[in-house]
Amino acid sequence: MRKTIISALALVLLILGGCETRTFEYVATVSKTWDYPVDQEGAFVTTRLVDAGEINDELDLPADAIIGDVYVEALSVALEHLADNEATGVMITGYANDRMFVEDMAVSINPATYELTAMANLVSAGVKTISEDLAAYFMTGSPATIEFRLEGDSHPAPGERIHIRIIIEMTLTVQYALESEFPNI
Amino acid sequence: MKLFFKFFIIVCVSLPATDLQGQDFEDFMRKYTGANGKAYMQPLADAFGANLNSGLYHNAYIKRNGFQLYVGVAVMDAFIPESNKTFTGTTQGYFSPETSARVPTIFGSSEVVTVEGEGGTTYAFPGGLDISNLPLAVPHLTVGSLMGTDATLRWAAYDIGDEVGKVALFGWGLRHSLNQYLPLKPVDMAVGFYSQLFSVGDVVDATGWVANLQASYPWRFITFYGGLGYERSTLDIAYTYEADDSEVAFDLTGDNTIRTTLGLTLNLGPLKIHSDYTLASQSLLTLGLGVGIGEIE
């Protein structure tokens, strides 16, 4: 009886065929959030150095992953009203490694609450550059950091006292491939 | 947890030779945690459920009383229809504007599909396994009969330890001959009910049940058989992504309900080779091999 069952299983394997090496494509998405405290009157400039290695760690890609394209899926922003803030909104222009990725984005400040919303006025070339820089990091290790700089002023009336926390969230997707032995089915 | 996926795929395809990594399967799913994920996985529930509910009989002959035994292996191979290889996925999160596109399911193309958004943003939908069929092999035992009734048992269990725990398949069934009530000879007829459970640790719970009317007609060393059945199946998956500890859960119900089966058994003495085709919203082919004692020979 045991022989029959083993023979049957062997037949099953023969019928199903062998394995082949196949390449599968995957995507991994991660969201990174950064805070920019602003506490001054009128125009402001604030910068944040983002470590590409941190993003890589969060993505937790397999060691044998073959990195393909890197996409910026979304950039979103929220403004948290802090004590003594007088501005009802701000106009922001953003740069990543000195390349503009968002231009003249007007964001209102709600004293009661704040929530992330998709950024308006994204600059396509700048957003693509973020993708390219991160892809270069994943493949070559350079550039290791990206400097995100935000420049702005109160809006619609410039020069007001601004005491806010700017929250930027970037959602990134990395496309990668893995080779696996897979049943030939 | 990664091992779970490895084993699940191995069990699904019934091949121990693959080295598809558990990480791979987790990677297939890491983008999907909402409605897209359910639609992405639905074809797996359909195919796996249909497989579970198949290969349960190879004739409808049951003695009124007397020893009857069948032990063997059934291999089911669910054919994935083209319609189950894509679904309409919708972008999620802060991607703008919200966009829908035809994208691969777990069985669909292995290539990633992207859609362009505002200001140079891009949304990427994961690819699939790019396969056209899903096989499943299970051991099978049927013992009878008492008052024209026999019982079927399917059982397999393996403790792979680690974070995964035990992979287990348990199925049971009862069927009852109608020939003792109706003058049907030379046709044999029976009604049956079968229930199956498949689990992988605390992560996967699959269930299936089928009630059917079976008929068979012996001709020389061949038995033609068939049946009409009603079936239901579920596939529940719940796990935690290691990367961010997020909980992911899908409760899926197989689309199959009505199934029609036609097949034949070669009776080579006690050796039985049988094959049937089941026509349903998820159709499949079954091949079985086993030893039957006290059956039609």
# chains A, B, ... in the order shown; residues from 1 in each chain; ligands from 1
call {"tool": "select_by_dssp", "arguments": {"residues": "stretch 11-107 of chain A", "states": "strand (DSSP E or B)", "output": "PDB file with N, CA, C and O atoms, in the first residue's frame"}}
result
ATOM      1  N   CYS A  19      10.587  22.550 -12.228  1.00  0.00           N
ATOM      2  CA  CYS A  19      10.630  23.962 -11.865  1.00  0.00           C
ATOM      3  C   CYS A  19      11.397  24.743 -12.916  1.00  0.00           C
ATOM      4  O   CYS A  19      12.155  24.181 -13.690  1.00  0.00           O
ATOM      5  N   GLU A  20      11.199  26.013 -12.905  1.00  0.00           N
ATOM      6  CA  GLU A  20      11.955  26.890 -13.783  1.00  0.00           C
ATOM      7  C   GLU A  20      12.305  28.156 -13.006  1.00  0.00           C
ATOM      8  O   GLU A  20      11.620  28.503 -12.041  1.00  0.00           O
ATOM      9  N   THR A  21      13.371  28.794 -13.435  1.00  0.00           N
ATOM     10  CA  THR A  21      13.734  30.052 -12.793  1.00  0.00           C
ATOM     11  C   THR A  21      12.928  31.164 -13.429  1.00  0.00           C
ATOM     12  O   THR A  21      12.966  31.350 -14.644  1.00  0.00           O
ATOM     13  N   ARG A  22      12.193  31.859 -12.598  1.00  0.00           N
ATOM     14  CA  ARG A  22      11.362  32.935 -13.126  1.00  0.00           C
ATOM     15  C   ARG A  22      11.624  34.224 -12.366  1.00  0.00           C
ATOM     16  O   ARG A  22      12.013  34.211 -11.204  1.00  0.00           O
ATOM     17  N   THR A  23      11.420  35.316 -13.052  1.00  0.00           N
ATOM     18  CA  THR A  23      11.613  36.616 -12.432  1.00  0.00           C
ATOM     19  C   THR A  23      10.251  37.227 -12.121  1.00  0.00           C
ATOM     20  O   THR A  23       9.389  37.301 -12.991  1.00  0.00           O
ATOM     21  N   PHE A  24      10.093  37.600 -10.887  1.00  0.00           N
ATOM     22  CA  PHE A  24       8.849  38.229 -10.471  1.00  0.00           C
ATOM     23  C   PHE A  24       9.116  39.690 -10.098  1.00  0.00           C
ATOM     24  O   PHE A  24      10.136  40.007  -9.505  1.00  0.00           O
ATOM     25  N   GLU A  25       8.171  40.522 -10.468  1.00  0.00           N
ATOM     26  CA  GLU A  25       8.294  41.946 -10.135  1.00  0.00           C
ATOM     27  C   GLU A  25       7.424  42.257  -8.921  1.00  0.00           C
ATOM     28  O   GLU A  25       6.308  41.760  -8.805  1.00  0.00           O
ATOM     29  N   TYR A  26       7.958  43.077  -8.059  1.00  0.00           N
ATOM     30  CA  TYR A  26       7.251  43.456  -6.835  1.00  0.00           C
ATOM     31  C   TYR A  26       7.308  44.963  -6.665  1.00  0.00           C
ATOM     32  O   TYR A  26       8.120  45.638  -7.297  1.00  0.00           O
ATOM     33  N   VAL A  27       6.466  45.443  -5.810  1.00  0.00           N
ATOM     34  CA  VAL A  27       6.584  46.846  -5.414  1.00  0.00           C
ATOM     35  C   VAL A  27       6.563  46.918  -3.893  1.00  0.00           C
ATOM     36  O   VAL A  27       5.884  46.134  -3.230  1.00  0.00           O
ATOM     37  N   ALA A  28       7.336  47.827  -3.374  1.00  0.00           N
ATOM     38  CA  ALA A  28       7.332  48.072  -1.930  1.00  0.00           C
ATOM     39  C   ALA A  28       7.097  49.562  -1.730  1.00  0.00           C
ATOM     40  O   ALA A  28       7.701  50.385  -2.418  1.00  0.00           O
ATOM     41  N   THR A  29       6.198  49.874  -0.844  1.00  0.00           N
ATOM     42  CA  THR A  29       5.839  51.269  -0.625  1.00  0.00           C
ATOM     43  C   THR A  29       6.130  51.652   0.817  1.00  0.00           C
ATOM     44  O   THR A  29       5.892  50.865   1.730  1.00  0.00           O
ATOM     45  N   VAL A  30       6.655  52.845   0.983  1.00  0.00           N
ATOM     46  CA  VAL A  30       6.926  53.330   2.329  1.00  0.00           C
ATOM     47  C   VAL A  30       6.563  54.810   2.380  1.00  0.00           C
ATOM     48  O   VAL A  30       6.695  55.527   1.377  1.00  0.00           O
ATOM     49  N   SER A  31       6.074  55.240   3.516  1.00  0.00           N
ATOM     50  CA  SER A  31       5.768  56.656   3.707  1.00  0.00           C
ATOM     51  C   SER A  31       6.694  57.223   4.773  1.00  0.00           C
ATOM     52  O   SER A  31       6.847  56.634   5.845  1.00  0.00           O
ATOM     53  N   LYS A  32       7.315  58.344   4.459  1.00  0.00           N
ATOM     54  CA  LYS A  32       8.206  59.020   5.412  1.00  0.00           C
ATOM     55  C   LYS A  32       7.609  60.387   5.729  1.00  0.00           C
ATOM     56  O   LYS A  32       7.149  61.112   4.842  1.00  0.00           O
ATOM     57  N   THR A  33       7.649  60.726   6.993  1.00  0.00           N
ATOM     58  CA  THR A  33       7.088  62.004   7.434  1.00  0.00           C
ATOM     59  C   THR A  33       8.179  62.842   8.091  1.00  0.00           C
ATOM     60  O   THR A  33       8.996  62.312   8.847  1.00  0.00           O
ATOM     61  N   TRP A  34       8.201  64.130   7.752  1.00  0.00           N
ATOM     62  CA  TRP A  34       9.167  65.037   8.364  1.00  0.00           C
ATOM     63  C   TRP A  34       8.441  66.263   8.910  1.00  0.00           C
ATOM     64  O   TRP A  34       7.447  66.713   8.347  1.00  0.00           O
ATOM     65  N   ASP A  35       8.973  66.765   9.995  1.00  0.00           N
ATOM     66  CA  ASP A  35       8.421  67.979  10.623  1.00  0.00           C
ATOM     67  C   ASP A  35       9.341  69.158  10.362  1.00  0.00           C
ATOM     68  O   ASP A  35      10.565  69.024  10.434  1.00  0.00           O
ATOM     69  N   TYR A  36       8.736  70.287  10.107  1.00  0.00           N
ATOM     70  CA  TYR A  36       9.495  71.526   9.963  1.00  0.00           C
ATOM     71  C   TYR A  36       8.877  72.554  10.911  1.00  0.00           C
ATOM     72  O   TYR A  36       7.832  73.135  10.593  1.00  0.00           O
ATOM     73  N   PRO A  37       9.485  72.789  12.050  1.00  0.00           N
ATOM     74  CA  PRO A  37       8.926  73.838  12.925  1.00  0.00           C
ATOM     75  C   PRO A  37       9.266  75.221  12.371  1.00  0.00           C
ATOM     76  O   PRO A  37      10.388  75.458  11.925  1.00  0.00           O
ATOM     77  N   VAL A  38       8.283  76.093  12.367  1.00  0.00           N
ATOM     78  CA  VAL A  38       8.501  77.475  11.903  1.00  0.00           C
ATOM     79  C   VAL A  38       8.006  78.402  13.008  1.00  0.00           C
ATOM     80  O   VAL A  38       6.860  78.269  13.454  1.00  0.00           O
ATOM     81  N   ASP A  39       8.867  79.300  13.451  1.00  0.00           N
ATOM     82  CA  ASP A  39       8.509  80.208  14.543  1.00  0.00           C
ATOM     83  C   ASP A  39       9.169  81.547  14.271  1.00  0.00           C
ATOM     84  O   ASP A  39      10.259  81.834  14.760  1.00  0.00           O
ATOM     85  N   GLN A  40       8.501  82.350  13.444  1.00  0.00           N
ATOM     86  CA  GLN A  40       9.066  83.674  13.145  1.00  0.00           C
ATOM     87  C   GLN A  40       8.056  84.554  12.412  1.00  0.00           C
ATOM     88  O   GLN A  40       6.971  84.098  12.073  1.00  0.00           O
ATOM     89  N   GLU A  41       8.446  85.768  12.154  1.00  0.00           N
ATOM     90  CA  GLU A  41       7.579  86.688  11.434  1.00  0.00           C
ATOM     91  C   GLU A  41       8.010  86.748   9.989  1.00  0.00           C
ATOM     92  O   GLU A  41       9.187  86.858   9.667  1.00  0.00           O
ATOM     93  N   PHE A  44      10.233  82.639   5.694  1.00  0.00           N
ATOM     94  CA  PHE A  44      11.023  81.636   6.413  1.00  0.00           C
ATOM     95  C   PHE A  44      11.690  80.689   5.425  1.00  0.00           C
ATOM     96  O   PHE A  44      11.248  80.527   4.283  1.00  0.00           O
ATOM     97  N   VAL A  45      12.767  80.117   5.908  1.00  0.00           N
ATOM     98  CA  VAL A  45      13.441  79.036   5.180  1.00  0.00           C
ATOM     99  C   VAL A  45      13.762  77.952   6.210  1.00  0.00           C
ATOM    100  O   VAL A  45      14.315  78.252   7.270  1.00  0.00           O
ATOM    101  N   THR A  46      13.387  76.748   5.906  1.00  0.00           N
ATOM    102  CA  THR A  46      13.683  75.669   6.843  1.00  0.00           C
ATOM    103  C   THR A  46      14.133  74.446   6.044  1.00  0.00           C
ATOM    104  O   THR A  46      13.605  74.183   4.966  1.00  0.00           O
ATOM    105  N   THR A  47      15.107  73.773   6.566  1.00  0.00           N
ATOM    106  CA  THR A  47      15.651  72.627   5.811  1.00  0.00           C
ATOM    107  C   THR A  47      15.650  71.362   6.667  1.00  0.00           C
ATOM    108  O   THR A  47      15.645  71.426   7.903  1.00  0.00           O
ATOM    109  N   ARG A  48      15.686  70.258   5.970  1.00  0.00           N
ATOM    110  CA  ARG A  48      15.737  68.956   6.657  1.00  0.00           C
ATOM    111  C   ARG A  48      16.544  68.014   5.774  1.00  0.00           C
ATOM    112  O   ARG A  48      16.284  67.911   4.582  1.00  0.00           O
ATOM    113  N   LEU A  49      17.505  67.371   6.384  1.00  0.00           N
ATOM    114  CA  LEU A  49      18.326  66.420   5.644  1.00  0.00           C
ATOM    115  C   LEU A  49      17.712  65.034   5.813  1.00  0.00           C
ATOM    116  O   LEU A  49      17.558  64.542   6.927  1.00  0.00           O
ATOM    117  N   VAL A  50      17.360  64.425   4.702  1.00  0.00           N
ATOM    118  CA  VAL A  50      16.740  63.098   4.750  1.00  0.00           C
ATOM    119  C   VAL A  50      17.783  62.054   4.359  1.00  0.00           C
ATOM    120  O   VAL A  50      18.416  62.145   3.312  1.00  0.00           O
ATOM    121  N   ASP A  51      17.927  61.084   5.244  1.00  0.00           N
ATOM    122  CA  ASP A  51      18.909  60.034   5.024  1.00  0.00           C
ATOM    123  C   ASP A  51      18.278  58.931   4.152  1.00  0.00           C
ATOM    124  O   ASP A  51      17.324  58.268   4.558  1.00  0.00           O
ATOM    125  N   ILE A  66      16.551  43.013  -7.223  1.00  0.00           N
ATOM    126  CA  ILE A  66      17.115  43.797  -8.330  1.00  0.00           C
ATOM    127  C   ILE A  66      16.249  45.046  -8.451  1.00  0.00           C
ATOM    128  O   ILE A  66      15.085  44.983  -8.864  1.00  0.00           O
ATOM    129  N   ILE A  67      16.842  46.171  -8.050  1.00  0.00           N
ATOM    130  CA  ILE A  67      16.066  47.412  -7.994  1.00  0.00           C
ATOM    131  C   ILE A  67      15.755  47.912  -9.397  1.00  0.00           C
ATOM    132  O   ILE A  67      16.619  47.962 -10.268  1.00  0.00           O
ATOM    133  N   GLY A  68      14.492  48.275  -9.598  1.00  0.00           N
ATOM    134  CA  GLY A  68      14.084  48.853 -10.881  1.00  0.00           C
ATOM    135  C   GLY A  68      13.780  50.322 -10.691  1.00  0.00           C
ATOM    136  O   GLY A  68      14.608  51.077 -10.167  1.00  0.00           O
ATOM    137  N   ASP A  69      12.591  50.719 -11.053  1.00  0.00           N
ATOM    138  CA  ASP A  69      12.230  52.134 -10.947  1.00  0.00           C
ATOM    139  C   ASP A  69      11.838  52.502  -9.517  1.00  0.00           C
ATOM    140  O   ASP A  69      11.366  51.658  -8.750  1.00  0.00           O
ATOM    141  N   VAL A  70      12.048  53.754  -9.201  1.00  0.00           N
ATOM    142  CA  VAL A  70      11.596  54.307  -7.922  1.00  0.00           C
ATOM    143  C   VAL A  70      10.602  55.418  -8.250  1.00  0.00           C
ATOM    144  O   VAL A  70      10.868  56.250  -9.122  1.00  0.00           O
ATOM    145  N   TYR A  71       9.467  55.394  -7.598  1.00  0.00           N
ATOM    146  CA  TYR A  71       8.424  56.371  -7.890  1.00  0.00           C
ATOM    147  C   TYR A  71       8.077  57.164  -6.637  1.00  0.00           C
ATOM    148  O   TYR A  71       7.977  56.595  -5.553  1.00  0.00           O
ATOM    149  N   VAL A  72       7.871  58.448  -6.812  1.00  0.00           N
ATOM    150  CA  VAL A  72       7.217  59.229  -5.752  1.00  0.00           C
ATOM    151  C   VAL A  72       5.730  59.069  -6.010  1.00  0.00           C
ATOM    152  O   VAL A  72       5.208  59.501  -7.036  1.00  0.00           O
ATOM    153  N   GLU A  73       5.086  58.390  -5.093  1.00  0.00           N
ATOM    154  CA  GLU A  73       3.656  58.114  -5.286  1.00  0.00           C
ATOM    155  C   GLU A  73       2.805  59.313  -4.872  1.00  0.00           C
ATOM    156  O   GLU A  73       1.805  59.637  -5.507  1.00  0.00           O
ATOM    157  N   ALA A  74       3.219  59.949  -3.792  1.00  0.00           N
ATOM    158  CA  ALA A  74       2.436  61.100  -3.317  1.00  0.00           C
ATOM    159  C   ALA A  74       3.295  61.970  -2.405  1.00  0.00           C
ATOM    160  O   ALA A  74       4.203  61.475  -1.734  1.00  0.00           O
ATOM    161  N   LEU A  75       3.000  63.247  -2.427  1.00  0.00           N
ATOM    162  CA  LEU A  75       3.577  64.183  -1.459  1.00  0.00           C
ATOM    163  C   LEU A  75       2.404  64.899  -0.826  1.00  0.00           C
ATOM    164  O   LEU A  75       1.519  65.411  -1.523  1.00  0.00           O
ATOM    165  N   SER A  76       2.362  64.898   0.471  1.00  0.00           N
ATOM    166  CA  SER A  76       1.241  65.535   1.155  1.00  0.00           C
ATOM    167  C   SER A  76       1.761  66.447   2.250  1.00  0.00           C
ATOM    168  O   SER A  76       2.914  66.341   2.688  1.00  0.00           O
ATOM    169  N   VAL A  77       0.905  67.355   2.675  1.00  0.00           N
ATOM    170  CA  VAL A  77       1.321  68.375   3.638  1.00  0.00           C
ATOM    171  C   VAL A  77       0.210  68.640   4.644  1.00  0.00           C
ATOM    172  O   VAL A  77      -0.967  68.500   4.334  1.00  0.00           O
ATOM    173  N   ALA A  78       0.620  69.014   5.857  1.00  0.00           N
ATOM    174  CA  ALA A  78      -0.342  69.449   6.879  1.00  0.00           C
ATOM    175  C   ALA A  78       0.335  70.543   7.691  1.00  0.00           C
ATOM    176  O   ALA A  78       1.559  70.551   7.851  1.00  0.00           O
ATOM    177  N   LEU A  79      -0.449  71.473   8.179  1.00  0.00           N
ATOM    178  CA  LEU A  79       0.081  72.554   9.014  1.00  0.00           C
ATOM    179  C   LEU A  79      -0.595  72.508  10.375  1.00  0.00           C
ATOM    180  O   LEU A  79      -1.820  72.569  10.470  1.00  0.00           O
ATOM    181  N   GLU A  80       0.230  72.402  11.400  1.00  0.00           N
ATOM    182  CA  GLU A  80      -0.321  72.407  12.760  1.00  0.00           C
ATOM    183  C   GLU A  80      -0.154  73.801  13.351  1.00  0.00           C
ATOM    184  O   GLU A  80       0.957  74.348  13.405  1.00  0.00           O
ATOM    185  N   HIS A  81      -1.260  74.366  13.759  1.00  0.00           N
ATOM    186  CA  HIS A  81      -1.277  75.686  14.392  1.00  0.00           C
ATOM    187  C   HIS A  81      -0.678  75.572  15.804  1.00  0.00           C
ATOM    188  O   HIS A  81      -1.088  74.726  16.587  1.00  0.00           O
ATOM    189  N   GLY A  89      -2.642  81.238   6.810  1.00  0.00           N
ATOM    190  CA  GLY A  89      -2.161  80.282   5.809  1.00  0.00           C
ATOM    191  C   GLY A  89      -0.728  80.628   5.438  1.00  0.00           C
ATOM    192  O   GLY A  89      -0.205  81.679   5.843  1.00  0.00           O
ATOM    193  N   VAL A  90      -0.108  79.734   4.681  1.00  0.00           N
ATOM    194  CA  VAL A  90       1.249  80.022   4.194  1.00  0.00           C
ATOM    195  C   VAL A  90       1.346  79.631   2.718  1.00  0.00           C
ATOM    196  O   VAL A  90       0.571  78.811   2.224  1.00  0.00           O
ATOM    197  N   MET A  91       2.297  80.297   2.067  1.00  0.00           N
ATOM    198  CA  MET A  91       2.614  79.962   0.677  1.00  0.00           C
ATOM    199  C   MET A  91       4.004  79.321   0.717  1.00  0.00           C
ATOM    200  O   MET A  91       4.949  79.922   1.239  1.00  0.00           O
ATOM    201  N   ILE A  92       4.106  78.114   0.207  1.00  0.00           N
ATOM    202  CA  ILE A  92       5.367  77.372   0.336  1.00  0.00           C
ATOM    203  C   ILE A  92       5.901  76.978  -1.043  1.00  0.00           C
ATOM    204  O   ILE A  92       5.139  76.556  -1.923  1.00  0.00           O
ATOM    205  N   THR A  93       7.212  77.098  -1.179  1.00  0.00           N
ATOM    206  CA  THR A  93       7.909  76.515  -2.325  1.00  0.00           C
ATOM    207  C   THR A  93       8.952  75.554  -1.757  1.00  0.00           C
ATOM    208  O   THR A  93       9.642  75.891  -0.788  1.00  0.00           O
ATOM    209  N   GLY A  94       9.018  74.370  -2.348  1.00  0.00           N
ATOM    210  CA  GLY A  94       9.912  73.355  -1.796  1.00  0.00           C
ATOM    211  C   GLY A  94      10.985  72.932  -2.777  1.00  0.00           C
ATOM    212  O   GLY A  94      10.767  72.897  -3.999  1.00  0.00           O
ATOM    213  N   TYR A  95      12.141  72.611  -2.233  1.00  0.00           N
ATOM    214  CA  TYR A  95      13.269  72.168  -3.053  1.00  0.00           C
ATOM    215  C   TYR A  95      13.827  70.866  -2.467  1.00  0.00           C
ATOM    216  O   TYR A  95      13.912  70.709  -1.258  1.00  0.00           O
ATOM    217  N   ALA A  96      14.248  70.003  -3.363  1.00  0.00           N
ATOM    218  CA  ALA A  96      14.951  68.785  -2.950  1.00  0.00           C
ATOM    219  C   ALA A  96      16.311  68.818  -3.629  1.00  0.00           C
ATOM    220  O   ALA A  96      16.384  68.832  -4.865  1.00  0.00           O
ATOM    221  N   ARG A  99      16.510  71.449  -6.200  1.00  0.00           N
ATOM    222  CA  ARG A  99      15.628  71.436  -7.361  1.00  0.00           C
ATOM    223  C   ARG A  99      14.177  71.543  -6.884  1.00  0.00           C
ATOM    224  O   ARG A  99      13.755  70.806  -5.985  1.00  0.00           O
ATOM    225  N   MET A 100      13.472  72.493  -7.488  1.00  0.00           N
ATOM    226  CA  MET A 100      12.120  72.791  -7.028  1.00  0.00           C
ATOM    227  C   MET A 100      11.173  71.624  -7.303  1.00  0.00           C
ATOM    228  O   MET A 100      11.102  71.130  -8.428  1.00  0.00           O
ATOM    229  N   PHE A 101      10.471  71.179  -6.254  1.00  0.00           N
ATOM    230  CA  PHE A 101       9.493  70.109  -6.477  1.00  0.00           C
ATOM    231  C   PHE A 101       8.060  70.554  -6.206  1.00  0.00           C
ATOM    232  O   PHE A 101       7.108  69.878  -6.602  1.00  0.00           O
ATOM    233  N   VAL A 102       7.915  71.712  -5.542  1.00  0.00           N
ATOM    234  CA  VAL A 102       6.571  72.274  -5.388  1.00  0.00           C
ATOM    235  C   VAL A 102       6.712  73.794  -5.370  1.00  0.00           C
ATOM    236  O   VAL A 102       7.639  74.344  -4.767  1.00  0.00           O
ATOM    237  N   GLU A 103       5.801  74.443  -6.084  1.00  0.00           N
ATOM    238  CA  GLU A 103       5.947  75.883  -6.275  1.00  0.00           C
ATOM    239  C   GLU A 103       4.676  76.603  -5.848  1.00  0.00           C
ATOM    240  O   GLU A 103       3.580  76.242  -6.277  1.00  0.00           O
ATOM    241  N   ASP A 104       4.875  77.608  -5.008  1.00  0.00           N
ATOM    242  CA  ASP A 104       3.775  78.484  -4.594  1.00  0.00           C
ATOM    243  C   ASP A 104       2.534  77.695  -4.176  1.00  0.00           C
ATOM    244  O   ASP A 104       1.434  77.903  -4.694  1.00  0.00           O
ATOM    245  N   MET A 105       2.740  76.798  -3.247  1.00  0.00           N
ATOM    246  CA  MET A 105       1.627  75.988  -2.739  1.00  0.00           C
ATOM    247  C   MET A 105       0.988  76.711  -1.558  1.00  0.00           C
ATOM    248  O   MET A 105       1.633  76.943  -0.527  1.00  0.00           O
ATOM    249  N   ALA A 106      -0.257  77.124  -1.736  1.00  0.00           N
ATOM    250  CA  ALA A 106      -0.972  77.818  -0.666  1.00  0.00           C
ATOM    251  C   ALA A 106      -1.662  76.791   0.228  1.00  0.00           C
ATOM    252  O   ALA A 106      -2.416  75.950  -0.260  1.00  0.00           O
ATOM    253  N   VAL A 107      -1.369  76.873   1.512  1.00  0.00           N
ATOM    254  CA  VAL A 107      -1.975  75.931   2.461  1.00  0.00           C
ATOM    255  C   VAL A 107      -2.567  76.727   3.611  1.00  0.00           C
ATOM    256  O   VAL A 107      -1.882  77.579   4.193  1.00  0.00           O
TER     257      VAL A 107
END
call {"tool": "residues_around", "arguments": {"residues": "stretch 61-64 of chain A", "least_positions_apart": "4", "cutoff": "8 Å", "atoms": "only C-alpha atoms", "output": "list in words"}}
result
Ala28, Asn56, Asp57 and Leu178 of chain A; Gln23 of chain B
call {"tool": "residues_around", "arguments": {"residues": "B:Val187", "least_positions_apart": "6", "cutoff": "9 Å", "atoms": "only C-alpha atoms", "output": "PyMOL selection string"}}
result
chain B and resi 60-61+179+215-218
call {"tool": "residues_around", "arguments": {"residues": "B:Leu153", "least_positions_apart": "6", "cutoff": "8 Å", "atoms": "only C-alpha atoms", "output": "PyMOL selection string"}}
result
chain B and resi 140-142+170-173
call {"tool": "write_last_selection", "arguments": {"atoms": "C-alpha atoms", "output": "mmCIF file, in the first residue's frame"}}
result
data_model
loop_
_atom_site.group_PDB
_atom_site.id
_atom_site.type_symbol
_atom_site.label_atom_id
_atom_site.label_comp_id
_atom_site.auth_asym_id
_atom_site.auth_seq_id
_atom_site.Cartn_x
_atom_site.Cartn_y
_atom_site.Cartn_z
ATOM 1 C CA HIS B 140 -7.849 10.345 0.317
ATOM 2 C CA LEU B 141 -9.491 7.424 2.133
ATOM 3 C CA THR B 142 -13.013 6.094 1.722
ATOM 4 C CA PHE B 170 -8.765 17.644 7.380
ATOM 5 C CA GLY B 171 -11.752 16.598 5.391
ATOM 6 C CA TRP B 172 -14.638 14.274 5.941
ATOM 7 C CA GLY B 173 -17.615 13.158 3.985
#
call {"tool": "select_by_dssp", "arguments": {"residues": "stretch 25-106 of chain B", "states": "alpha helix (DSSP H)", "output": "JSON, numbers by chain"}}
result
{"B": [25, 26, 27, 28, 29, 35, 36, 37, 38, 39, 40, 41, 42, 43, 44, 45, 46, 47, 48, 49, 50, 51, 52]}
call {"tool": "closest_residue", "arguments": {"among": "A:Leu134, A:Met139, A:Ile162, A:Leu122", "to": "chain B", "atoms": "only C-alpha atoms"}}
result
A:Leu122
call {"tool": "closest_residue", "arguments": {"among": "B:Val167, B:Ala280, B:Leu56, B:Ala124", "to": "A:Leu172", "atoms": "only C-alpha atoms"}}
result
B:Ala124
call {"tool": "residues_around", "arguments": {"residues": "B:Phe107", "least_positions_apart": "6", "cutoff": "8 Å", "atoms": "only C-alpha atoms", "output": "compact mmCIF listing (two decimals) with all heavy atoms, in the first residue's frame"}}
result
# COMPACT_ATOMS: atom_id res chain seq x y z
N PRO B 43 -9.15 35.45 -6.71
CA PRO B 43 -9.00 34.25 -7.56
C PRO B 43 -8.33 33.08 -6.84
O PRO B 43 -8.59 31.92 -7.17
CB PRO B 43 -8.12 34.75 -8.72
CG PRO B 43 -8.39 36.22 -8.78
CD PRO B 43 -8.55 36.65 -7.34
N LEU B 44 -7.49 33.37 -5.87
CA LEU B 44 -6.88 32.29 -5.09
C LEU B 44 -7.94 31.57 -4.27
O LEU B 44 -7.97 30.34 -4.18
CB LEU B 44 -5.78 32.83 -4.18
CG LEU B 44 -5.11 31.81 -3.27
CD1 LEU B 44 -4.42 30.72 -4.07
CD2 LEU B 44 -4.09 32.48 -2.34
N ILE B 80 -7.18 28.77 -14.31
CA ILE B 80 -7.47 30.17 -13.98
C ILE B 80 -7.99 30.87 -15.24
O ILE B 80 -7.24 31.03 -16.21
CB ILE B 80 -6.22 30.90 -13.48
CG1 ILE B 80 -5.48 30.07 -12.43
CG2 ILE B 80 -6.59 32.28 -12.94
CD1 ILE B 80 -6.29 29.67 -11.23
N ASN B 84 -10.02 36.10 -14.38
CA ASN B 84 -9.53 36.11 -13.00
C ASN B 84 -8.07 36.53 -12.91
O ASN B 84 -7.46 36.42 -11.85
CB ASN B 84 -9.70 34.73 -12.37
CG ASN B 84 -11.10 34.52 -11.83
OD1 ASN B 84 -11.97 35.36 -12.04
ND2 ASN B 84 -11.33 33.40 -11.18
N LYS B 85 -7.53 36.99 -14.02
CA LYS B 85 -6.13 37.41 -13.99
C LYS B 85 -5.96 38.91 -13.85
O LYS B 85 -4.85 39.41 -13.69
CB LYS B 85 -5.41 36.91 -15.24
CG LYS B 85 -5.23 35.39 -15.24
CD LYS B 85 -4.38 34.95 -16.41
CE LYS B 85 -4.13 33.46 -16.34
NZ LYS B 85 -3.31 33.00 -17.46
N GLY B 128 1.58 39.76 -10.55
CA GLY B 128 1.13 38.50 -9.98
C GLY B 128 2.10 37.38 -10.26
O GLY B 128 3.27 37.62 -10.63
N LEU B 129 1.63 36.17 -10.11
CA LEU B 129 2.48 34.98 -10.30
C LEU B 129 2.55 34.54 -11.76
O LEU B 129 3.37 33.70 -12.11
CB LEU B 129 1.94 33.81 -9.46
CG LEU B 129 2.09 33.93 -7.95
CD1 LEU B 129 1.18 32.94 -7.25
CD2 LEU B 129 3.53 33.68 -7.55
N ASP B 130 1.66 35.09 -12.60
CA ASP B 130 1.62 34.74 -14.02
C ASP B 130 1.48 33.22 -14.21
O ASP B 130 2.31 32.59 -14.86
CB ASP B 130 2.87 35.26 -14.73
CG ASP B 130 2.71 35.20 -16.25
OD1 ASP B 130 1.57 35.11 -16.71
OD2 ASP B 130 3.74 35.22 -16.95
N ILE B 131 0.45 32.68 -13.62
CA ILE B 131 0.20 31.24 -13.81
C ILE B 131 -1.24 31.04 -14.29
O ILE B 131 -2.11 31.87 -14.04
CB ILE B 131 0.45 30.41 -12.53
CG1 ILE B 131 -0.41 30.90 -11.36
CG2 ILE B 131 1.91 30.43 -12.16
CD1 ILE B 131 -0.26 30.03 -10.11
N SER B 132 -1.45 29.94 -14.97
CA SER B 132 -2.75 29.67 -15.57
C SER B 132 -3.51 28.55 -14.89
O SER B 132 -4.64 28.25 -15.25
CB SER B 132 -2.57 29.31 -17.05
OG SER B 132 -2.05 30.44 -17.73
